file input-v9.txt (compact mmCIF, C-alpha atoms and all ligand atoms)
# COMPACT_ATOMS: atom_id res chain seq x y z
CA MET A 1 11.17 -12.40 12.10
CA SER A 2 7.78 -11.00 11.38
CA GLN A 3 6.19 -11.41 14.79
CA VAL A 4 5.39 -8.20 16.64
CA PRO A 5 3.43 -7.71 19.88
CA GLY A 6 -0.20 -6.74 19.37
CA LEU A 7 -3.06 -5.08 21.23
CA ASP A 8 -3.64 -8.23 23.31
CA GLN A 9 -0.28 -7.55 24.97
CA LEU A 10 -1.11 -3.98 25.93
CA ASP A 11 -2.65 -3.06 29.25
CA ALA A 12 -4.56 -0.02 28.05
CA ALA A 13 -7.10 0.66 30.80
CA GLY A 14 -6.95 4.23 32.05
CA ARG A 15 -3.79 4.95 30.10
CA THR A 16 -3.16 7.54 27.42
CA VAL A 17 -2.30 5.62 24.27
CA LEU A 18 -0.68 7.37 21.32
CA VAL A 19 -1.95 5.75 18.12
CA ARG A 20 -0.07 6.42 14.89
CA ALA A 21 -2.77 5.89 12.29
CA ASP A 22 -2.69 6.46 8.55
CA LEU A 23 -5.54 8.93 8.02
CA ASN A 24 -3.96 10.32 4.86
CA VAL A 25 -7.19 10.41 2.84
CA PRO A 26 -7.65 12.11 -0.53
CA LEU A 27 -9.39 15.49 -0.16
CA ASP A 28 -11.19 17.54 -2.76
CA GLY A 29 -11.63 20.98 -1.23
CA GLY A 30 -12.73 20.03 2.28
CA ARG A 31 -14.44 16.86 1.12
CA ILE A 32 -13.03 13.36 1.72
CA THR A 33 -13.26 11.50 -1.60
CA ASP A 34 -12.26 8.04 -0.27
CA GLU A 35 -12.59 7.24 3.43
CA LEU A 36 -11.05 3.75 3.30
CA ARG A 37 -8.10 4.73 5.45
CA ILE A 38 -10.40 6.12 8.13
CA THR A 39 -12.62 3.04 8.23
CA ALA A 40 -9.53 0.79 8.21
CA SER A 41 -8.38 2.49 11.44
CA LEU A 42 -11.64 1.95 13.31
CA PRO A 43 -11.09 -1.61 14.66
CA THR A 44 -7.99 -0.54 16.60
CA ILE A 45 -9.61 2.66 17.89
CA ARG A 46 -12.70 0.75 18.99
CA ALA A 47 -10.65 -1.98 20.70
CA LEU A 48 -8.67 0.61 22.65
CA ARG A 49 -11.80 2.49 23.70
CA GLU A 50 -13.41 -0.74 24.87
CA ALA A 51 -10.27 -1.49 26.88
CA GLY A 52 -10.71 1.87 28.64
CA ALA A 53 -7.82 3.72 27.00
CA ARG A 54 -7.64 7.44 26.36
CA VAL A 55 -6.87 7.43 22.66
CA VAL A 56 -4.67 10.08 21.06
CA LEU A 57 -4.62 9.73 17.28
CA MET A 58 -1.71 11.01 15.20
CA SER A 59 -1.46 11.09 11.40
CA HIS A 60 0.03 12.94 8.50
CA LEU A 61 -2.00 14.26 5.56
CA GLY A 62 -0.43 15.11 2.22
CA ARG A 63 2.93 16.85 1.95
CA PRO A 64 2.90 20.18 3.79
CA LYS A 65 6.72 20.01 4.09
CA GLY A 66 7.08 21.28 7.65
CA GLN A 67 4.66 24.20 7.33
CA VAL A 68 1.09 24.80 8.32
CA VAL A 69 -1.06 24.45 5.19
CA ASP A 70 -4.70 25.16 5.96
CA GLU A 71 -6.04 22.88 3.21
CA LEU A 72 -4.16 19.98 4.83
CA ARG A 73 -5.60 20.36 8.31
CA LEU A 74 -7.17 17.21 9.77
CA GLY A 75 -10.50 18.95 10.56
CA PRO A 76 -12.53 17.00 7.95
CA VAL A 77 -10.99 13.73 9.18
CA SER A 78 -11.82 14.59 12.78
CA GLN A 79 -15.41 15.31 11.82
CA ARG A 80 -15.79 12.04 9.91
CA LEU A 81 -14.22 10.11 12.79
CA SER A 82 -16.69 11.68 15.20
CA GLU A 83 -19.56 10.50 12.98
CA LEU A 84 -18.22 6.99 12.49
CA LEU A 85 -17.40 6.49 16.18
CA ASP A 86 -20.52 8.35 17.28
CA ILE A 87 -18.59 10.37 19.84
CA ASP A 88 -17.11 13.85 20.02
CA VAL A 89 -13.50 13.45 18.86
CA ARG A 90 -11.45 16.26 20.40
CA TYR A 91 -9.53 17.84 17.50
CA ALA A 92 -6.32 19.63 18.52
CA ARG A 93 -5.24 22.52 16.30
CA ASP A 94 -1.55 21.77 16.81
CA THR A 95 0.63 18.66 17.16
CA VAL A 96 2.64 19.15 20.36
CA GLY A 97 1.59 22.67 21.44
CA ASP A 98 -0.84 24.05 24.02
CA ASP A 99 -3.96 22.79 22.26
CA ALA A 100 -2.56 19.26 21.89
CA ARG A 101 -1.73 19.16 25.60
CA ALA A 102 -5.13 20.56 26.51
CA ALA A 103 -6.86 18.02 24.26
CA VAL A 104 -4.98 15.12 25.85
CA ALA A 105 -5.62 16.42 29.37
CA SER A 106 -9.34 16.70 28.65
CA LEU A 107 -9.73 13.01 27.75
CA GLU A 108 -11.66 10.59 29.90
CA ASP A 109 -11.31 6.82 29.68
CA GLY A 110 -12.64 5.75 26.27
CA GLY A 111 -12.27 9.28 24.87
CA VAL A 112 -10.54 10.08 21.58
CA ALA A 113 -8.42 13.06 20.54
CA LEU A 114 -6.82 13.77 17.15
CA LEU A 115 -3.63 15.81 16.89
CA GLU A 116 -3.08 18.16 13.94
CA ASN A 117 -1.24 17.00 10.80
CA LEU A 118 2.17 15.72 11.98
CA ARG A 119 3.93 16.96 8.87
CA PHE A 120 3.17 20.59 9.75
CA GLU A 121 6.31 20.05 11.88
CA ALA A 122 9.60 19.56 10.04
CA GLY A 123 10.72 17.37 12.96
CA GLU A 124 8.30 14.62 11.90
CA THR A 125 10.00 13.49 8.69
CA ALA A 126 13.45 14.38 10.08
CA ASN A 127 12.78 12.21 13.17
CA ASP A 128 14.03 15.15 15.21
CA PRO A 129 14.74 14.04 18.81
CA ALA A 130 13.12 17.10 20.37
CA PHE A 131 9.93 16.60 18.35
CA ALA A 132 9.86 12.88 19.15
CA ASP A 133 10.34 13.72 22.85
CA ALA A 134 7.46 16.18 22.73
CA LEU A 135 5.13 13.71 21.01
CA ALA A 136 6.09 10.83 23.30
CA SER A 137 5.50 12.99 26.39
CA LEU A 138 1.81 13.22 25.45
CA GLY A 139 1.15 9.53 26.18
CA ASP A 140 2.04 6.45 28.24
CA ALA A 141 1.96 3.79 25.51
CA TYR A 142 2.12 3.55 21.72
CA VAL A 143 0.19 1.66 19.07
CA SER A 144 1.21 1.66 15.45
CA ASP A 145 -1.50 1.12 12.87
CA ALA A 146 0.05 3.16 10.05
CA PHE A 147 1.25 0.45 7.69
CA GLY A 148 1.24 2.91 4.78
CA ALA A 149 3.99 4.91 6.54
CA ALA A 150 5.87 2.03 8.22
CA HIS A 151 8.68 2.22 5.65
CA ARG A 152 9.54 5.74 6.83
CA ALA A 153 11.85 6.32 9.80
CA HIS A 154 9.85 9.34 10.95
CA ALA A 155 9.38 10.66 14.49
CA SER A 156 5.87 9.27 14.95
CA ILE A 157 6.88 5.92 13.39
CA VAL A 158 10.17 5.14 15.15
CA GLY A 159 11.06 8.06 17.47
CA VAL A 160 7.97 7.76 19.66
CA PRO A 161 7.96 3.95 20.12
CA GLU A 162 11.67 4.11 20.96
CA ARG A 163 10.78 6.39 23.85
CA LEU A 164 7.87 4.42 25.34
CA ASP A 165 8.17 1.04 27.08
CA ASP A 166 4.90 -0.25 25.69
CA ALA A 167 4.77 -0.12 21.90
CA VAL A 168 2.64 -2.59 19.95
CA ALA A 169 0.97 -3.09 16.56
CA GLY A 170 -2.73 -2.39 16.06
CA HIS A 171 -5.13 -4.66 14.17
CA LEU A 172 -4.48 -3.15 10.74
CA LEU A 173 -0.70 -3.34 11.02
CA GLN A 174 -0.92 -6.91 12.36
CA ALA A 175 -3.16 -7.95 9.45
CA GLU A 176 -0.73 -6.44 6.93
CA ILE A 177 2.28 -8.14 8.49
CA THR A 178 0.50 -11.49 8.76
CA ALA A 179 -0.72 -11.50 5.15
CA LEU A 180 2.48 -10.26 3.55
CA SER A 181 4.68 -12.53 5.69
CA LYS A 182 2.63 -15.52 4.64
CA LEU A 183 3.67 -14.84 1.04
CA LEU A 184 7.34 -14.71 1.93
CA ASP A 185 7.52 -17.38 4.63
CA ALA A 186 5.15 -20.20 3.82
CA PRO A 187 3.16 -19.76 0.62
CA ALA A 188 1.02 -22.69 -0.50
CA THR A 189 2.08 -23.73 -3.99
CA PRO A 190 1.68 -23.22 -6.86
CA PHE A 191 2.54 -19.60 -5.97
CA THR A 192 1.99 -17.11 -8.80
CA ALA A 193 3.13 -13.48 -8.73
CA ILE A 194 1.45 -11.14 -11.21
CA LEU A 195 3.50 -8.04 -11.80
CA GLY A 196 2.55 -5.02 -13.85
CA GLY A 197 2.36 -1.28 -13.52
CA SER A 198 4.55 1.34 -14.98
CA LYS A 199 8.22 0.43 -14.54
CA VAL A 200 10.49 -2.62 -14.33
CA SER A 201 12.91 -0.53 -12.29
CA ASP A 202 10.24 0.02 -9.59
CA LYS A 203 9.59 -3.70 -9.25
CA LEU A 204 13.01 -5.25 -9.82
CA SER A 205 13.82 -5.74 -6.13
CA VAL A 206 10.44 -7.38 -5.58
CA ILE A 207 11.06 -9.71 -8.53
CA ASP A 208 14.47 -10.62 -7.08
CA ASN A 209 13.08 -11.39 -3.65
CA LEU A 210 10.13 -13.39 -4.99
CA MET A 211 12.08 -15.40 -7.56
CA PRO A 212 13.18 -18.18 -5.14
CA ARG A 213 9.64 -18.38 -3.74
CA VAL A 214 7.31 -18.43 -6.76
CA ASP A 215 6.42 -21.05 -9.34
CA ALA A 216 5.27 -18.57 -11.97
CA LEU A 217 5.78 -14.91 -12.79
CA VAL A 218 3.04 -13.31 -14.86
CA ILE A 219 4.00 -10.01 -16.45
CA GLY A 220 1.78 -7.23 -17.77
CA GLY A 221 1.50 -3.44 -17.65
CA ALA A 222 3.97 -1.09 -19.26
CA MET A 223 6.85 -3.15 -17.87
CA CYS A 224 6.01 -6.13 -20.10
CA PHE A 225 7.35 -4.23 -23.12
CA THR A 226 10.84 -4.08 -21.69
CA PHE A 227 10.66 -7.86 -21.24
CA LEU A 228 9.24 -8.37 -24.75
CA ALA A 229 12.02 -6.18 -26.15
CA ALA A 230 14.53 -8.32 -24.23
CA THR A 231 13.24 -11.41 -26.04
CA GLY A 232 13.79 -9.66 -29.38
CA GLY A 233 10.16 -8.75 -29.99
CA ASP A 234 9.12 -5.70 -31.99
CA VAL A 235 7.20 -3.53 -29.53
CA GLY A 236 6.58 -0.54 -31.82
CA GLY A 237 6.16 2.70 -29.89
CA SER A 238 5.35 1.01 -26.56
CA ARG A 239 6.97 2.27 -23.39
CA VAL A 240 10.37 0.54 -23.00
CA GLU A 241 13.04 1.24 -20.40
CA GLU A 242 16.07 0.94 -22.67
CA ASP A 243 18.49 0.78 -19.75
CA MET A 244 16.57 -2.14 -18.23
CA ILE A 245 16.53 -4.44 -21.27
CA ASP A 246 19.69 -6.28 -20.20
CA THR A 247 18.35 -6.58 -16.67
CA ALA A 248 15.07 -7.97 -18.00
CA ARG A 249 17.03 -10.56 -20.00
CA GLU A 250 18.92 -11.54 -16.82
CA VAL A 251 15.62 -11.93 -14.96
CA LEU A 252 14.37 -14.27 -17.69
CA GLU A 253 17.58 -16.31 -17.55
CA LYS A 254 17.49 -16.51 -13.78
CA ALA A 255 13.86 -17.64 -13.88
CA GLU A 256 14.71 -20.35 -16.37
CA ALA A 257 17.62 -21.55 -14.22
CA GLN A 258 15.43 -21.67 -11.12
CA GLY A 259 12.49 -23.39 -12.79
CA VAL A 260 10.17 -20.38 -12.57
CA THR A 261 7.78 -20.09 -15.52
CA VAL A 262 7.57 -16.54 -16.87
CA HIS A 263 4.39 -15.64 -18.72
CA LEU A 264 4.62 -12.71 -21.13
CA PRO A 265 1.70 -11.40 -23.22
CA THR A 266 1.05 -13.01 -26.59
CA ASP A 267 -1.29 -10.24 -27.71
CA VAL A 268 -1.78 -6.62 -26.67
CA VAL A 269 -4.18 -3.73 -27.24
CA ALA A 270 -2.14 -1.22 -29.26
CA ALA A 271 -3.24 2.41 -29.49
CA GLU A 272 -2.28 5.16 -31.91
CA ALA A 273 -1.68 7.62 -29.07
CA PHE A 274 -1.42 7.73 -25.29
CA ALA A 275 -5.00 8.93 -24.88
CA ALA A 276 -8.29 7.62 -23.50
CA ASP A 277 -10.01 7.95 -26.88
CA ALA A 278 -7.13 6.78 -29.11
CA ALA A 279 -7.94 4.40 -31.97
CA HIS A 280 -6.76 0.91 -30.95
CA GLU A 281 -6.61 -2.72 -32.06
CA VAL A 282 -5.47 -6.11 -30.80
CA VAL A 283 -2.10 -7.13 -32.28
CA PRO A 284 0.52 -9.83 -31.62
CA ALA A 285 2.69 -8.80 -28.63
CA THR A 286 5.94 -9.23 -30.53
CA ALA A 287 4.80 -7.51 -33.73
CA ILE A 288 3.35 -4.20 -32.57
CA PRO A 289 3.03 -1.81 -35.53
CA ALA A 290 5.37 1.19 -35.61
CA GLY A 291 3.67 4.33 -34.35
CA THR A 292 1.38 2.43 -31.95
CA MET A 293 1.87 1.56 -28.31
CA GLY A 294 0.59 -1.26 -26.15
CA LEU A 295 -1.75 0.05 -23.48
CA ASP A 296 -3.25 -3.23 -22.27
CA ILE A 297 -2.77 -6.97 -22.55
CA GLY A 298 -4.96 -8.61 -25.23
CA PRO A 299 -7.88 -11.07 -24.83
CA GLU A 300 -5.83 -14.19 -25.59
CA THR A 301 -3.32 -13.14 -22.92
CA VAL A 302 -6.08 -12.41 -20.40
CA ALA A 303 -7.46 -15.91 -20.91
CA GLU A 304 -4.01 -17.44 -20.47
CA TYR A 305 -3.28 -15.40 -17.33
CA ALA A 306 -6.70 -16.24 -15.87
CA HIS A 307 -5.90 -19.91 -16.45
CA VAL A 308 -2.55 -19.64 -14.62
CA VAL A 309 -4.18 -17.78 -11.74
CA ALA A 310 -7.01 -20.32 -11.46
CA ALA A 311 -4.49 -23.15 -11.02
CA SER A 312 -2.64 -21.33 -8.19
CA ARG A 313 -3.00 -21.75 -4.43
CA THR A 314 -1.28 -18.45 -3.62
CA VAL A 315 -1.48 -15.34 -5.79
CA LEU A 316 0.19 -11.98 -5.28
CA TRP A 317 -0.69 -9.18 -7.65
CA ASN A 318 1.14 -5.90 -7.89
CA GLY A 319 0.67 -3.43 -10.73
CA PRO A 320 -2.20 -2.98 -13.22
CA MET A 321 -2.09 -4.91 -16.53
CA GLY A 322 -2.83 -1.80 -18.57
CA VAL A 323 -3.90 1.83 -18.40
CA PHE A 324 -6.99 0.77 -16.43
CA GLU A 325 -7.90 4.41 -15.71
CA TRP A 326 -9.18 4.53 -19.32
CA PRO A 327 -12.05 2.06 -19.99
CA PRO A 328 -10.79 0.87 -23.43
CA PHE A 329 -7.59 -0.33 -21.74
CA ALA A 330 -9.06 -1.74 -18.50
CA SER A 331 -9.99 -5.26 -19.69
CA GLY A 332 -6.67 -6.88 -18.78
CA THR A 333 -6.72 -5.51 -15.25
CA MET A 334 -10.38 -6.45 -14.89
CA GLY A 335 -9.80 -9.97 -16.22
CA VAL A 336 -6.93 -10.65 -13.83
CA ALA A 337 -8.88 -9.17 -10.90
CA GLU A 338 -11.86 -11.42 -11.67
CA ALA A 339 -9.65 -14.49 -11.96
CA MET A 340 -8.09 -13.65 -8.61
CA ALA A 341 -11.49 -13.16 -6.99
CA ASP A 342 -12.40 -16.72 -8.04
CA VAL A 343 -9.20 -18.38 -6.80
CA ASP A 344 -9.56 -21.14 -4.25
CA GLY A 345 -6.49 -20.15 -2.27
CA PHE A 346 -4.76 -17.20 -0.66
CA THR A 347 -4.82 -13.93 -2.62
CA VAL A 348 -3.06 -10.65 -1.89
CA ILE A 349 -2.95 -7.33 -3.71
CA GLY A 350 -0.15 -4.87 -3.00
CA GLY A 351 0.49 -1.54 -4.68
CA GLY A 352 -1.57 1.63 -4.53
CA ASP A 353 -2.90 1.62 -8.09
CA SER A 354 -3.68 -2.10 -8.16
CA ALA A 355 -5.59 -1.78 -4.88
CA ALA A 356 -7.50 1.20 -6.28
CA ALA A 357 -8.30 -0.78 -9.45
CA VAL A 358 -9.70 -3.77 -7.59
CA ARG A 359 -11.80 -1.56 -5.34
CA GLN A 360 -13.07 0.41 -8.31
CA MET A 361 -14.13 -2.89 -9.87
CA GLY A 362 -15.99 -3.88 -6.71
CA LEU A 363 -13.92 -7.05 -6.21
CA ALA A 364 -11.92 -6.13 -3.09
CA ASP A 365 -14.19 -8.18 -0.80
CA ARG A 366 -13.29 -11.34 -2.70
CA ILE A 367 -9.54 -10.90 -2.23
CA ASP A 368 -8.04 -12.20 1.03
CA HIS A 369 -5.90 -9.15 1.62
CA VAL A 370 -5.78 -5.81 -0.17
CA SER A 371 -2.86 -3.92 1.29
CA THR A 372 -3.45 -0.34 2.43
CA GLY A 373 0.19 0.55 1.89
CA GLY A 374 1.53 1.13 -1.61
CA GLY A 375 5.23 1.86 -1.08
CA ALA A 376 5.29 0.02 2.26
CA SER A 377 3.91 -3.20 0.78
CA LEU A 378 6.48 -3.07 -2.03
CA GLU A 379 9.36 -2.60 0.40
CA PHE A 380 8.03 -5.41 2.60
CA LEU A 381 7.91 -7.74 -0.40
CA GLU A 382 11.44 -6.68 -1.31
CA GLY A 383 12.43 -8.28 1.99
CA ILE A 384 13.18 -5.03 3.81
CA ASP A 385 12.55 -5.02 7.56
CA LEU A 386 10.41 -1.87 7.69
CA PRO A 387 11.63 0.59 10.36
CA GLY A 388 8.10 1.01 11.75
CA VAL A 389 7.78 -2.76 12.20
CA ALA A 390 11.32 -3.47 13.42
CA VAL A 391 10.96 -0.92 16.23
CA LEU A 392 8.06 -2.89 17.72
CA ARG A 393 10.06 -6.10 17.87
CA ARG A 394 12.24 -5.28 20.87
P1 LIG B 401 1.03 0.02 -8.28
O1 LIG B 401 0.70 1.38 -7.67
O2 LIG B 401 -0.13 -0.92 -8.19
O3 LIG B 401 2.30 -0.56 -7.73
P2 LIG B 401 2.33 1.24 -10.56
O4 LIG B 401 2.36 2.53 -9.83
O5 LIG B 401 3.61 0.54 -10.78
O6 LIG B 401 1.26 0.25 -9.85
O7 LIG B 401 1.71 1.45 -12.01
C1 LIG B 401 0.41 1.93 -12.22
C2 LIG B 401 0.32 2.71 -13.49
O8 LIG B 401 0.83 1.99 -14.60
C3 LIG B 401 -1.11 3.05 -13.84
O9 LIG B 401 -1.31 4.43 -13.71
C4 LIG B 401 -1.29 2.57 -15.28
O10 LIG B 401 -2.00 3.49 -16.09
C5 LIG B 401 0.14 2.44 -15.74
N1 LIG B 401 0.26 1.50 -16.87
C6 LIG B 401 -0.12 0.22 -16.88
N2 LIG B 401 0.07 -0.33 -18.10
C7 LIG B 401 0.59 0.64 -18.89
C8 LIG B 401 1.00 0.70 -20.26
N3 LIG B 401 0.92 -0.37 -21.05
N4 LIG B 401 1.50 1.87 -20.72
C9 LIG B 401 1.58 2.94 -19.91
N5 LIG B 401 1.21 2.96 -18.61
C10 LIG B 401 0.71 1.81 -18.10
MG MG B 402 1.50 3.32 -8.08

call {"tool": "encode", "arguments": {"input": "input-v9.txt", "output": "structure tokens"}}
result
Amino acid sequence: MSQVPGLDQLDAAGRTVLVRADLNVPLDGGRITDELRITASLPTIRALREAGARVVLMSHLGRPKGQVVDELRLGPVSQRLSELLDIDVRYARDTVGDDARAAVASLEDGGVALLENLRFEAGETANDPAFADALASLGDAYVSDAFGAAHRAHASIVGVPERLDDAVAGHLLQAEITALSKLLDAPATPFTAILGGSKVSDKLSVIDNLMPRVDALVIGGAMCFTFLAATGGDVGGSRVEEDMIDTAREVLEKAEAQGVTVHLPTDVVAAEAFAADAAHEVVPATAIPAGTMGLDIGPETVAEYAHVVAASRTVLWNGPMGVFEWPPFASGTMGVAEAMADVDGFTVIGGGDSAAAVRQMGLADRIDHVSTGGGASLEFLEGIDLPGVAVLRR
């Protein structure tokens, strides 16, 4: 179900290939603050150039909501791409207008053009047929490398490949599909899923889909307090989703019935306020003093979780263990990341904040796969056939 055709099945020589990339980088003024998404797109661009294609890159940037927003133009991205590829990338000032057509027409074999921010056109997110027609008419074949947007049925994600006979996945999309499918289809056991982050409600569908596949569920982050509350623990002023307590209890019962071990924290770092400099102390997870809130898992819990991770052959991690953005509450996330880096097995990180955390800690190179798609990786792990992947499987 997960197989899609790749670049090896595309005859690209001399053809104009529309590449939907995810070049949605964070910008501060005109400065790119993290170029990971650009560098992640390079292998596909380079492969197409070497094959003699004329490469037309398409991407969105931010949320301009169907209007031209000067701060969200792709100029800085185009410039950085030119430097990284060491060629003159032809930057079109519109998406399907005169300049886009001129840019495409100017390409020679191996040349690269970049269209303006797709979301300047309302037709992109609406998957408007006329807009999809106009985009598709710019090229002869399509390559999708935008995993981070593959869960959206937008014009450049589904409309364009529907209109072109040749539509395949690029290297980045293939790598994402291969790694995430391995978790769902044939994980080596023991398989441990570490789930954290802000809300149980965000991760419930993932938990449901993973339950029949995993041997252990390890829970941290803000969502652990809803689980601790479900077991009758006193969680003080920690963040609890009251309306999810029953659901959390059902998850625990289901896990028990299916032989899945659920690990909840035994100690937490409780703070007097939700602030980076709040006074804090380590307390038992089920006896958190009134007026304090758990902002990280405690040292005993970190050791236990590291032990579970070390004994696993497959580990998926989604969601930080604490408020890792603030150093006093980053130890849990750091401890789990380090344990994962040491695992002798297959390790995957999904989720935007978890991926950012592991990169910030300098451990990304020691993880087998760090997904570039936050929302897309979650939906994939929920078992959803992403529209941008399904369309390639014709
Ligand atoms: P991901 O993007 O990896 O899927 P989420 O978006 O679900 O992760 O959650 C990340 C956020 O959860 C972080 O900003 C982090 O500060 C927050 N968080 C983690 N633990 C806690 C906690 N105990 N209390 C409040 N917020 C928390
Ligand atoms: Mg997030």

call {"tool": "residues_near_ligand", "arguments": {"input": "input-v9.txt", "ligand": "ligand LIG 401 (chain B)", "cutoff": "9 Å", "atoms": "all atoms listed in the file", "output": "count of residues only"}}
result
49

call {"tool": "closest_residue", "arguments": {"input": "input-v9.txt", "among": "A:Gln174, A:Thr189, A:Ser106, A:Thr247", "to": "Ser201 of chain A", "atoms": "all atoms listed in the file"}}
result
A:Thr247

call {"tool": "closest_residue", "arguments": {"input": "input-v9.txt", "among": "A:Leu184, A:Pro299, A:Met244, A:Gly237", "to": "Asp267 of chain A", "atoms": "only C-alpha atoms"}}
result
A:Pro299

call {"tool": "closest_residue", "arguments": {"input": "input-v9.txt", "among": "A:Ser377, A:Thr231, A:Asn24, A:Thr39", "to": "Ser59 of chain A", "atoms": "only C-alpha atoms"}}
result
A:Asn24

call {"tool": "closest_residue", "arguments": {"input": "input-v9.txt", "among": "A:Val158, A:Val389, A:Val343, A:Leu316", "to": "Asp133 of chain A", "atoms": "all atoms listed in the file"}}
result
A:Val158

call {"tool": "closest_atom_pairs", "arguments": {"input": "input-v9.txt", "of": "segment 128-226 of chain A", "to": "segment 308-314 of chain A", "cutoff": "7 Å", "atoms": "all atoms listed in the file", "output": "Markdown table"}}
result
| residue | atom | partner | partner_atom | distance |
| --- | --- | --- | --- | --- |
| A:Pro187 | CA | A:Thr314 | CA | 6.3 |
| A:Ala188 | CA | A:Arg313 | CA | 5.7 |
| A:Thr189 | CA | A:Arg313 | CA | 5.5 |
| A:Pro190 | CA | A:Ser312 | CA | 4.9 |
| A:Phe191 | CA | A:Thr314 | CA | 4.6 |
| A:Thr192 | CA | A:Thr314 | CA | 6.3 |

call {"tool": "residues_around", "arguments": {"input": "input-v9.txt", "residues": "Ala285 of chain A", "least_positions_apart": "4", "cutoff": "8 Å", "atoms": "all atoms listed in the file", "output": "PyMOL selection string"}}
result
chain A and resi 228+233-235+265-268

call {"tool": "residues_around", "arguments": {"input": "input-v9.txt", "residues": "Leu217 of chain A", "least_positions_apart": "3", "cutoff": "9 Å", "atoms": "only C-alpha atoms", "output": "PyMOL selection string"}}
result
chain A and resi 191-195+207+211+214+255+260-264

call {"tool": "write_last_selection", "arguments": {"input": "input-v9.txt", "atoms": "C-alpha atoms", "output": "PDB file, in the frame of the given file"}}
result
ATOM      1  CA  PHE A 191       2.540 -19.600  -5.970  1.00  0.00           C
ATOM      2  CA  THR A 192       1.990 -17.110  -8.800  1.00  0.00           C
ATOM      3  CA  ALA A 193       3.130 -13.480  -8.730  1.00  0.00           C
ATOM      4  CA  ILE A 194       1.450 -11.140 -11.210  1.00  0.00           C
ATOM      5  CA  LEU A 195       3.500  -8.040 -11.800  1.00  0.00           C
ATOM      6  CA  ILE A 207      11.060  -9.710  -8.530  1.00  0.00           C
ATOM      7  CA  MET A 211      12.080 -15.400  -7.560  1.00  0.00           C
ATOM      8  CA  VAL A 214       7.310 -18.430  -6.760  1.00  0.00           C
ATOM      9  CA  ALA A 255      13.860 -17.640 -13.880  1.00  0.00           C
ATOM     10  CA  VAL A 260      10.170 -20.380 -12.570  1.00  0.00           C
ATOM     11  CA  THR A 261       7.780 -20.090 -15.520  1.00  0.00           C
ATOM     12  CA  VAL A 262       7.570 -16.540 -16.870  1.00  0.00           C
ATOM     13  CA  HIS A 263       4.390 -15.640 -18.720  1.00  0.00           C
ATOM     14  CA  LEU A 264       4.620 -12.710 -21.130  1.00  0.00           C
TER      15      LEU A 264
END

call {"tool": "axis_aligned_box", "arguments": {"input": "input-v9.txt", "around": "segment 153-159 of chain A", "padding_each_side": "6 Å", "output": "AutoDock Vina command-line options"}}
result
--center_x 8.9 --center_y 7.9 --center_z 13.6 --size_x 18.0 --size_y 17.5 --size_z 19.7

call {"tool": "residues_around", "arguments": {"input": "input-v9.txt", "residues": "Ala105 of chain A", "least_positions_apart": "4", "cutoff": "10 Å", "atoms": "all atoms listed in the file", "output": "list in words"}}
result
Thr16, Arg54, Asp99, Ala100, Arg101, Ala113 and Leu138 of chain A

call {"tool": "closest_residue", "arguments": {"input": "input-v9.txt", "among": "A:Asp88, A:Asp368, A:Asp70, A:Asp215", "to": "Ala341 of chain A", "atoms": "all atoms listed in the file"}}
result
A:Asp368

call {"tool": "closest_residue", "arguments": {"input": "input-v9.txt", "among": "A:Ala376, A:Gly332, A:Ile177, A:Arg359", "to": "Asp34 of chain A", "atoms": "all atoms listed in the file"}}
result
A:Arg359

call {"tool": "atom_distance", "arguments": {"input": "input-v9.txt", "atom1": "atom CA of Ala40 of chain A", "atom2": "atom CA of Ala146 of chain A"}}
result
10.0 Å

call {"tool": "residues_around", "arguments": {"input": "input-v9.txt", "residues": "Asp166 of chain A", "least_positions_apart": "6", "cutoff": "8 Å", "atoms": "all atoms listed in the file", "output": "list in words"}}
result
Leu10, Asp140, Ala141 and Tyr142 of chain A

call {"tool": "atom_distance", "arguments": {"input": "input-v9.txt", "atom1": "atom CA of Ala230 of chain A", "atom2": "atom CA of Glu272 of chain A"}}
result
22.9 Å

call {"tool": "atom_distance", "arguments": {"input": "input-v9.txt", "atom1": "atom CA of Asp86 of chain A", "atom2": "atom CA of Pro43 of chain A"}}
result
14.0 Å

call {"tool": "residues_around", "arguments": {"input": "input-v9.txt", "residues": "Asp109 of chain A", "least_positions_apart": "4", "cutoff": "7 Å", "atoms": "only C-alpha atoms", "output": "PyMOL selection string"}}
result
chain A and resi 14+52-54

call {"tool": "decode", "arguments": {"input": "input-v9.txt", "residues": "segment 358-363 of chain A", "atoms": "N, CA and C atoms", "output": "short mmCIF file (atom, residue, chain, number, x, y, z; two decimals), in the first residue's frame"}}
result
data_model
loop_
_atom_site.label_atom_id
_atom_site.label_comp_id
_atom_site.auth_asym_id
_atom_site.auth_seq_id
_atom_site.Cartn_x
_atom_site.Cartn_y
_atom_site.Cartn_z
N VAL A 358 15.46 17.54 18.81
CA VAL A 358 16.58 16.63 18.61
C VAL A 358 17.67 17.28 17.75
N ARG A 359 17.25 18.18 16.88
CA ARG A 359 18.26 18.90 16.08
C ARG A 359 18.99 19.91 16.95
N GLN A 360 18.21 20.60 17.79
CA GLN A 360 18.78 21.59 18.71
C GLN A 360 19.81 20.93 19.62
N MET A 361 19.56 19.66 19.97
CA MET A 361 20.48 18.95 20.86
C MET A 361 21.63 18.31 20.10
N GLY A 362 21.65 18.47 18.79
CA GLY A 362 22.76 17.95 17.99
C GLY A 362 22.77 16.44 17.83
N LEU A 363 21.60 15.79 18.02
CA LEU A 363 21.56 14.33 17.98
C LEU A 363 20.88 13.77 16.73
#
